[in-house]
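Structure first, then comments.
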Amino acid sequence: MKIVDLLPVYDQSNGWHEILEPLPEATVLTGDRVCDYLVIGGGYSGLAAARRLAELDPSADIVLIDGDRIGNNAAGRSSGFAIDHAHNLRAKSFADAKAAAQAAIVMNRAGLDWLGDTIAANGIDCQWVQEGKYHAAATSRGERMLGQFAESLDAIDEDYSLLDAEACREVFGTNFYTKALHAPHSYLCQPAAMVRGLAATMPDNVTIYEDSMVTGVDYGPPHTVQTSRGTASAPVLVLATNGFTEGFGFLRKHLIPLITWGSMTRELTDEESGRIGGDASYGIIAAHPAGTSVRRVTTPHNRILVRNIFSFSKRSDFVGRKQWAAKTHRRSFERRWPQLSGVPFEHSWGGALSLSRNGEPVFGELRDGGVYGTVVHNGVGIARGTISGKLLAEMIMGEDSELLRQMQAKGRPNRNLPFQDLGVRINARARRVIAGREE
Ligand SMILES: Cc1cc2nc3c(=O)[nH]c(=O)nc-3n(C[C@H](O)[C@H](O)[C@H](O)COP(=O)(O)OP(=O)(O)OC[C@H]3O[C@@H](n4cnc5c(N)ncnc54)[C@H](O)[C@@H]3O)c2cc1C
């Protein structure tokens, strides 16, 4: 049996998860469970893959296993921007770059449409709203980047509107931003509520086991995974395990594992909300890619979330940096809302995401005999993780579609460079310096 030697380990600090009602006790895998399809990972990708397998074959017995509670994973730790186009579109005027950017948007929107339909059909209460996303600048460099972004959107006929400093103040309740671009097609959500809700409303032929870390695997077929209290076997194994897929013996030196952090205030009082004004709910992505994302979260929560900083690490329990991240978040928060300097953060947390050097995903067969993977969503996990998991299920079931063919035509992550970790750290540091006040 192969030992799975890279495991997700998360503490209980994820604000999105902690502010919800406590979950009922987990169903833990015990005994020897045999099924038709075995999905490991209850993030966006694994949830989509399991649901779609079940939809396409209602008679199949599908098991999804997660090592943690669904909601406390990276999916539930995200900032809840369900976005349709990247922040750094490279559409420019080249025809092939334009076509690639448009195809990526079509793919992301297919993920968001399916997710939105699933949320609506199952009445999942996760504040899924099409509010769009703001890209906002606080420096002249940021304003230039916004201008370039607007040009990219023009090149691919995407609509947007621009806000001057006064309009920014009215919407965001701060004088911090000098210019913003609003792109209307994205959604915002409460990510932990969303993944919990997706898990709770799975079709009847899906069984979910949580708090069941897979620590060993025997590749077959049938493929058997081992947890501390049981085993599960199936002829088809889907790994939707984010960067932890390395622990299963795949993609070593092909993933760029990052940890990024968010912090969330305690609930604002009505007086504090009134002090800053602005809209009750919005999401801001900094014009500079190394800048700070912000969510103003609507009732019943009425909180503010900030997210920034990346660290190169395979380990999700990379907590040594949490204090440092929280301090940086504090500075970013007070720059934007000095009127709220007395409002503490109630939660600060980190989570894992994986990138690849060439931006290509892991999609399809990882190994002969029915071992599949859906990994690397490049920080756009809600849209891309969902569509990748859904299309993978369709591929396994022998379906055919234009989108599936597009996904299959994508490349694979290329090998990391020697000293990739050092390169990423230097790059992250340099980008932070350039981002300056946008952090
Ligand atoms: C702070 C933060 C903010 C982010 N903001 C956004 C955002 O606003 N929008 C967006 O689209 N994306 C965002 N992301 C990225 C997004 O969260 C990820 O891209 C997404 O979670 C990836 O989905 P996934 O299903 O591939 O992996 P995950 O969500 O990580 O799910 C993988 C699952 O596999 C399980 N697993 C792994 N190994 C094992 C094992 N051995 N045994 C059992 N279970 C295992 C894990 O417990 C986990 O539940 C953010 C990420 C972070 C950390």
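Each chain in the structure tokens gets a letter, A, B and so on, in the order shown; residues start at 1 in every chain, and ligands are counted from 1 in the order they appear.
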
Q: List all protein, DNA and RNA residues that have an atom no more than 6 Å from any atom of ligand 1, counting only C-alpha atoms and all ligand atoms, and report them as number ranges by chain.
A: A: 7-8, 40-46, 65-68, 70, 73-75, 77-82, 213-215, 240-242, 244, 260-262, 350-353, 375, 377, 379-383, 385

Using N, CA and C atoms, can you write the selected residues to a file as a compact mmCIF listing (two decimals), in the first residue's frame?
# COMPACT_ATOMS: atom_id res chain seq x y z
N LEU A 7 -0.71 15.53 3.70
CA LEU A 7 -2.11 15.56 4.13
C LEU A 7 -2.55 16.98 4.47
N PRO A 8 -3.81 17.31 4.18
CA PRO A 8 -4.31 18.62 4.60
C PRO A 8 -4.54 18.64 6.11
N ILE A 40 -12.19 11.36 -3.85
CA ILE A 40 -11.51 11.85 -2.66
C ILE A 40 -11.45 13.38 -2.76
N GLY A 41 -11.99 14.06 -1.76
CA GLY A 41 -11.93 15.52 -1.74
C GLY A 41 -13.31 16.15 -1.86
N GLY A 42 -13.69 16.92 -0.84
CA GLY A 42 -15.00 17.60 -0.84
C GLY A 42 -14.87 19.09 -1.02
N GLY A 43 -13.94 19.50 -1.90
CA GLY A 43 -13.90 20.91 -2.31
C GLY A 43 -14.80 21.09 -3.53
N TYR A 44 -14.63 22.22 -4.23
CA TYR A 44 -15.51 22.50 -5.37
C TYR A 44 -15.45 21.37 -6.41
N SER A 45 -14.23 20.88 -6.65
CA SER A 45 -14.06 19.91 -7.73
C SER A 45 -14.66 18.56 -7.38
N GLY A 46 -14.36 18.08 -6.17
CA GLY A 46 -14.87 16.77 -5.78
C GLY A 46 -16.39 16.77 -5.65
N ILE A 65 -15.07 10.91 -0.02
CA ILE A 65 -14.39 10.90 1.28
C ILE A 65 -13.61 12.19 1.45
N ASP A 66 -13.70 12.79 2.62
CA ASP A 66 -12.87 13.96 2.93
C ASP A 66 -12.20 13.77 4.29
N GLY A 67 -11.00 14.31 4.39
CA GLY A 67 -10.25 14.17 5.64
C GLY A 67 -10.71 15.13 6.72
N ASP A 68 -11.47 16.14 6.34
CA ASP A 68 -11.88 17.19 7.29
C ASP A 68 -13.39 17.31 7.22
N ILE A 70 -16.39 19.27 5.48
CA ILE A 70 -16.56 20.07 4.26
C ILE A 70 -17.05 21.45 4.70
N ASN A 73 -12.41 23.27 4.62
CA ASN A 73 -11.33 23.04 3.66
C ASN A 73 -11.04 24.33 2.88
N ALA A 74 -10.12 24.24 1.92
CA ALA A 74 -9.77 25.45 1.16
C ALA A 74 -11.01 26.04 0.50
N ALA A 75 -11.90 25.17 0.01
CA ALA A 75 -13.11 25.67 -0.66
C ALA A 75 -13.91 26.56 0.28
N ARG A 77 -12.73 28.14 2.76
CA ARG A 77 -11.85 29.20 3.26
C ARG A 77 -11.64 30.29 2.21
N SER A 78 -12.20 30.09 1.03
CA SER A 78 -11.96 31.06 -0.06
C SER A 78 -12.67 32.38 0.26
N SER A 79 -12.46 33.36 -0.60
CA SER A 79 -13.09 34.65 -0.33
C SER A 79 -14.48 34.76 -0.94
N GLY A 80 -14.91 33.71 -1.63
CA GLY A 80 -16.28 33.68 -2.13
C GLY A 80 -16.52 34.52 -3.38
N PHE A 81 -15.48 34.82 -4.15
CA PHE A 81 -15.66 35.47 -5.45
C PHE A 81 -15.83 34.35 -6.48
N ALA A 82 -17.01 34.18 -6.99
CA ALA A 82 -17.24 33.17 -8.01
C ALA A 82 -17.10 33.88 -9.36
N MET A 213 -9.52 10.84 6.90
CA MET A 213 -8.33 11.13 6.09
C MET A 213 -7.81 9.87 5.41
N VAL A 214 -7.56 9.99 4.12
CA VAL A 214 -6.98 8.86 3.39
C VAL A 214 -5.47 8.88 3.63
N THR A 215 -4.98 7.81 4.23
CA THR A 215 -3.56 7.78 4.56
C THR A 215 -2.80 6.73 3.76
N ALA A 240 -9.67 14.61 -6.21
CA ALA A 240 -10.00 16.05 -6.28
C ALA A 240 -9.39 16.67 -5.04
N THR A 241 -8.11 16.49 -4.92
CA THR A 241 -7.41 16.71 -3.65
C THR A 241 -6.45 17.91 -3.70
N ASN A 242 -6.71 18.84 -4.61
CA ASN A 242 -5.92 20.07 -4.65
C ASN A 242 -4.43 19.70 -4.66
N PHE A 244 -2.66 18.45 -2.52
CA PHE A 244 -2.35 17.24 -1.74
C PHE A 244 -2.32 16.00 -2.62
N THR A 260 -2.64 31.11 1.11
CA THR A 260 -3.01 32.52 1.20
C THR A 260 -3.97 32.69 2.37
N TRP A 261 -4.05 33.92 2.87
CA TRP A 261 -4.77 34.14 4.13
C TRP A 261 -5.89 35.17 4.02
N GLY A 262 -6.88 34.96 4.85
CA GLY A 262 -7.95 35.94 4.99
C GLY A 262 -8.19 36.26 6.45
N GLY A 350 -5.63 30.56 7.03
CA GLY A 350 -4.93 30.30 5.77
C GLY A 350 -5.59 29.14 5.05
N GLY A 351 -5.31 29.02 3.78
CA GLY A 351 -5.83 27.89 3.01
C GLY A 351 -4.93 27.65 1.82
N ALA A 352 -5.03 26.43 1.29
CA ALA A 352 -4.11 26.01 0.22
C ALA A 352 -4.75 26.18 -1.15
N LEU A 353 -3.95 26.60 -2.09
CA LEU A 353 -4.37 26.50 -3.48
C LEU A 353 -3.16 26.08 -4.30
N VAL A 375 -7.48 18.90 -10.67
CA VAL A 375 -6.62 19.66 -9.76
C VAL A 375 -6.10 20.90 -10.51
N HIS A 377 -6.70 24.88 -10.09
CA HIS A 377 -7.71 25.79 -10.61
C HIS A 377 -7.24 27.23 -10.51
N GLY A 379 -6.49 29.50 -8.44
CA GLY A 379 -7.09 30.57 -7.63
C GLY A 379 -8.49 30.96 -8.06
N VAL A 380 -9.03 30.26 -9.09
CA VAL A 380 -10.38 30.54 -9.55
C VAL A 380 -11.21 29.27 -9.31
N GLY A 381 -11.04 28.73 -8.09
CA GLY A 381 -11.53 27.39 -7.81
C GLY A 381 -13.03 27.25 -7.92
N ILE A 382 -13.79 28.31 -7.59
CA ILE A 382 -15.24 28.14 -7.58
C ILE A 382 -15.72 27.83 -9.00
N ALA A 383 -15.29 28.62 -9.95
CA ALA A 383 -15.74 28.39 -11.33
C ALA A 383 -15.00 27.21 -11.97
N GLY A 385 -12.87 24.92 -10.64
CA GLY A 385 -12.92 23.65 -9.92
C GLY A 385 -14.24 22.95 -10.21

(Q) When DSSP is applied to the backbone of this structure, which of segment 50-270 of chain A are assigned strand (DSSP E or B)? Write them out as a ChimeraX atom specification. (A) /A:62-65,81-82,129,133-137,161-163,179-183,187-188,206-209,216-218,223-226,230-234,236-239,256-265

For the residues in the current selection, export C-alpha atoms as an mmCIF file, in the first residue's frame.
data_model
loop_
_atom_site.group_PDB
_atom_site.id
_atom_site.type_symbol
_atom_site.label_atom_id
_atom_site.label_comp_id
_atom_site.auth_asym_id
_atom_site.auth_seq_id
_atom_site.Cartn_x
_atom_site.Cartn_y
_atom_site.Cartn_z
ATOM 1 C CA ILE A 62 -20.835 6.814 -5.291
ATOM 2 C CA VAL A 63 -18.694 7.525 -2.246
ATOM 3 C CA LEU A 64 -16.995 10.847 -1.489
ATOM 4 C CA ILE A 65 -14.387 10.896 1.280
ATOM 5 C CA PHE A 81 -15.661 35.469 -5.450
ATOM 6 C CA ALA A 82 -17.242 33.169 -8.015
ATOM 7 C CA VAL A 129 -25.856 36.755 -5.648
ATOM 8 C CA LYS A 133 -16.866 42.200 -8.888
ATOM 9 C CA TYR A 134 -15.069 45.482 -8.547
ATOM 10 C CA HIS A 135 -11.447 45.904 -9.519
ATOM 11 C CA ALA A 136 -10.279 48.943 -7.607
ATOM 12 C CA ALA A 137 -7.134 51.064 -7.615
ATOM 13 C CA SER A 161 -18.503 50.263 -15.995
ATOM 14 C CA LEU A 162 -16.035 52.659 -14.434
ATOM 15 C CA LEU A 163 -16.269 54.463 -11.100
ATOM 16 C CA LYS A 179 -10.886 54.464 -9.423
ATOM 17 C CA ALA A 180 -12.713 51.193 -9.962
ATOM 18 C CA LEU A 181 -14.020 48.982 -12.726
ATOM 19 C CA HIS A 182 -17.169 46.968 -12.177
ATOM 20 C CA ALA A 183 -17.518 43.721 -14.139
ATOM 21 C CA TYR A 187 -21.249 36.111 -8.197
ATOM 22 C CA LEU A 188 -20.459 36.473 -4.533
ATOM 23 C CA VAL A 206 -23.846 9.641 -3.063
ATOM 24 C CA THR A 207 -22.573 8.828 0.433
ATOM 25 C CA ILE A 208 -20.212 11.329 2.044
ATOM 26 C CA TYR A 209 -17.717 10.383 4.730
ATOM 27 C CA GLY A 216 -2.863 4.898 2.177
ATOM 28 C CA VAL A 217 -3.844 3.776 -1.301
ATOM 29 C CA ASP A 218 -3.541 0.532 -3.247
ATOM 30 C CA HIS A 223 -8.488 0.930 -6.126
ATOM 31 C CA THR A 224 -8.572 0.778 -2.353
ATOM 32 C CA VAL A 225 -8.010 3.679 -0.001
ATOM 33 C CA GLN A 226 -7.277 3.339 3.675
ATOM 34 C CA GLY A 230 -11.895 1.749 7.315
ATOM 35 C CA THR A 231 -11.242 1.167 3.645
ATOM 36 C CA ALA A 232 -13.147 1.998 0.492
ATOM 37 C CA SER A 233 -12.689 0.391 -2.934
ATOM 38 C CA ALA A 234 -13.953 1.100 -6.398
ATOM 39 C CA VAL A 236 -12.886 4.206 -10.577
ATOM 40 C CA LEU A 237 -10.994 6.616 -8.311
ATOM 41 C CA VAL A 238 -11.205 10.412 -8.689
ATOM 42 C CA LEU A 239 -8.637 12.556 -6.892
ATOM 43 C CA ILE A 256 3.121 25.370 -7.212
ATOM 44 C CA PRO A 257 1.546 25.040 -3.781
ATOM 45 C CA LEU A 258 0.542 28.303 -2.162
ATOM 46 C CA ILE A 259 -1.036 29.289 1.099
ATOM 47 C CA THR A 260 -3.011 32.517 1.198
ATOM 48 C CA TRP A 261 -4.766 34.141 4.131
ATOM 49 C CA GLY A 262 -7.950 35.941 4.987
ATOM 50 C CA SER A 263 -9.157 37.800 8.086
ATOM 51 C CA MET A 264 -12.722 38.692 9.005
ATOM 52 C CA THR A 265 -13.891 41.321 11.492
#

Q) So how far away is atom CA of Glu210 of chain A from atom CA of Thr27 of chain A, in Å? A) 5.9 Å

Q | Using only C-alpha atoms: which of A:Gly243, A:Gly291, A:Pro203, A:Pro418 has the shortest distance to Ser313 of chain A | A | A:Gly243

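Here atom CA of Leu112 of chain A stands at a distance of 11.3 Å from atom CA of Lys390 of chain A.
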
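Take the candidates A:Gln12, A:Leu53, A:Leu146, A:Arg229 and check each one against Ala393 of chain A using only C-alpha atoms; the shortest distance goes to A:Leu53.
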
Q: Might you pull out every residue within 9 Å of Thr292 of chain A, with only C-alpha atoms counted and same-chain residues fewer than 6 positions away left off, and present them as number ranges by chain?
A: A: 284-286, 306-309, 329, 332, 438-439

Store the residues picked out above in a file with N, CA and C atoms, as a PDB file, in the first residue's frame.
ATOM      1  N   ILE A 284     -14.275  43.429  -3.708  1.00  0.00           N
ATOM      2  CA  ILE A 284     -13.263  44.209  -4.438  1.00  0.00           C
ATOM      3  C   ILE A 284     -12.025  43.345  -4.638  1.00  0.00           C
ATOM      4  N   ILE A 285     -11.540  43.344  -5.859  1.00  0.00           N
ATOM      5  CA  ILE A 285     -10.253  42.730  -6.159  1.00  0.00           C
ATOM      6  C   ILE A 285      -9.311  43.878  -6.486  1.00  0.00           C
ATOM      7  N   ALA A 286      -8.132  43.878  -5.876  1.00  0.00           N
ATOM      8  CA  ALA A 286      -7.214  45.001  -6.093  1.00  0.00           C
ATOM      9  C   ALA A 286      -6.774  45.059  -7.546  1.00  0.00           C
ATOM     10  N   VAL A 306     -10.732  40.830   4.619  1.00  0.00           N
ATOM     11  CA  VAL A 306      -9.616  41.197   3.747  1.00  0.00           C
ATOM     12  C   VAL A 306      -8.768  39.957   3.495  1.00  0.00           C
ATOM     13  N   ARG A 307      -8.239  39.869   2.289  1.00  0.00           N
ATOM     14  CA  ARG A 307      -7.361  38.741   1.951  1.00  0.00           C
ATOM     15  C   ARG A 307      -6.152  39.251   1.184  1.00  0.00           C
ATOM     16  N   ASN A 308      -4.992  38.834   1.596  1.00  0.00           N
ATOM     17  CA  ASN A 308      -3.791  39.100   0.810  1.00  0.00           C
ATOM     18  C   ASN A 308      -2.672  38.164   1.228  1.00  0.00           C
ATOM     19  N   ILE A 309      -1.553  38.302   0.601  1.00  0.00           N
ATOM     20  CA  ILE A 309      -0.316  37.562   0.849  1.00  0.00           C
ATOM     21  C   ILE A 309      -0.407  36.093   0.423  1.00  0.00           C
ATOM     22  N   HIS A 329      -2.996  42.068   7.396  1.00  0.00           N
ATOM     23  CA  HIS A 329      -4.429  42.333   7.152  1.00  0.00           C
ATOM     24  C   HIS A 329      -4.910  43.548   7.954  1.00  0.00           C
ATOM     25  N   SER A 332      -3.842  46.609   6.211  1.00  0.00           N
ATOM     26  CA  SER A 332      -4.640  46.827   4.992  1.00  0.00           C
ATOM     27  C   SER A 332      -6.039  47.330   5.359  1.00  0.00           C
ATOM     28  N   GLU A 438      -1.598  49.326  -2.484  1.00  0.00           N
ATOM     29  CA  GLU A 438      -2.731  48.468  -2.887  1.00  0.00           C
ATOM     30  C   GLU A 438      -2.854  47.246  -1.974  1.00  0.00           C
ATOM     31  N   GLU A 439      -1.789  46.954  -1.176  1.00  0.00           N
ATOM     32  CA  GLU A 439      -1.865  45.816  -0.261  1.00  0.00           C
ATOM     33  C   GLU A 439      -2.789  46.174   0.885  1.00  0.00           C
TER      34      GLU A 439
END

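Shortest separation to Asp279 of chain A among A:Gly111, A:Gly173, A:Pro221, A:Gly423 occurs at residue A:Gly173, atoms counted being only C-alpha atoms.
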
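The shell of residues at most 9 Å from Pro361 of chain A, with only C-alpha atoms counted and near chain neighbours (fewer than 3 positions) removed, consists of Leu355, Ser356, Asn358, Thr374, Val375, Val376, His377, Asn378, Ser388, Met407, Lys410, Gly411, Arg412 and Pro413 of chain A.
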
Filtering to C-alpha atoms, could you give me those residues as an mmCIF file, in the first residue's frame?
data_model
loop_
_atom_site.group_PDB
_atom_site.id
_atom_site.type_symbol
_atom_site.label_atom_id
_atom_site.label_comp_id
_atom_site.auth_asym_id
_atom_site.auth_seq_id
_atom_site.Cartn_x
_atom_site.Cartn_y
_atom_site.Cartn_z
ATOM 1 C CA LEU A 355 -1.053 26.730 -9.407
ATOM 2 C CA SER A 356 1.070 25.468 -12.231
ATOM 3 C CA ASN A 358 2.235 27.353 -17.300
ATOM 4 C CA THR A 374 -9.171 17.303 -11.265
ATOM 5 C CA VAL A 375 -6.621 19.663 -9.764
ATOM 6 C CA VAL A 376 -5.084 23.135 -10.276
ATOM 7 C CA HIS A 377 -7.711 25.794 -10.607
ATOM 8 C CA ASN A 378 -5.279 28.667 -10.350
ATOM 9 C CA SER A 388 -13.480 20.696 -14.139
ATOM 10 C CA MET A 407 -10.868 20.764 -21.468
ATOM 11 C CA LYS A 410 -5.597 21.685 -22.552
ATOM 12 C CA GLY A 411 -1.969 21.022 -21.708
ATOM 13 C CA ARG A 412 -0.680 19.618 -18.442
ATOM 14 C CA PRO A 413 1.313 21.501 -15.797
#

Q: Have a look at A:Ser228, A:Asn302, A:Gln406, A:Thr139 and name the one nearest to Glu272 of chain A; count only C-alpha atoms.
A: A:Asn302

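Counting from atom CA of Ala430 of chain A, the distance to atom CA of Glu334 of chain A is 22.8 Å.
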
Q: Enumerate, as a ChimeraX atom specification, the complete set of residues in segment 111-354 of chain A that a backbone-based DSSP assignment places in alpha helix (DSSP H).
A: /A:111-121,140-155,165-172,191-200,270-276,322-336

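The smallest atom-to-atom distance between Gly76 of chain A and any of A:Asp36, A:Asp117, A:Glu131, A:Glu18, using only C-alpha atoms, is found for A:Glu18.
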
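Nearest-residue note for Phe248 of chain A: choosing from A:Lys2, A:Lys98, A:His185, A:Arg52, the minimum distance belongs to A:Lys2, counting only C-alpha atoms.
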
Q: Tell me, as a PyMOL selection string, which residues lie within 12 Å of segment 339-344 of chain A, counting only C-alpha atoms; anything in the same chain fewer than 3 positions away does not count.
A: chain A and resi 173-176+263-269+271-277+303-305+326-327+329-336+347-348
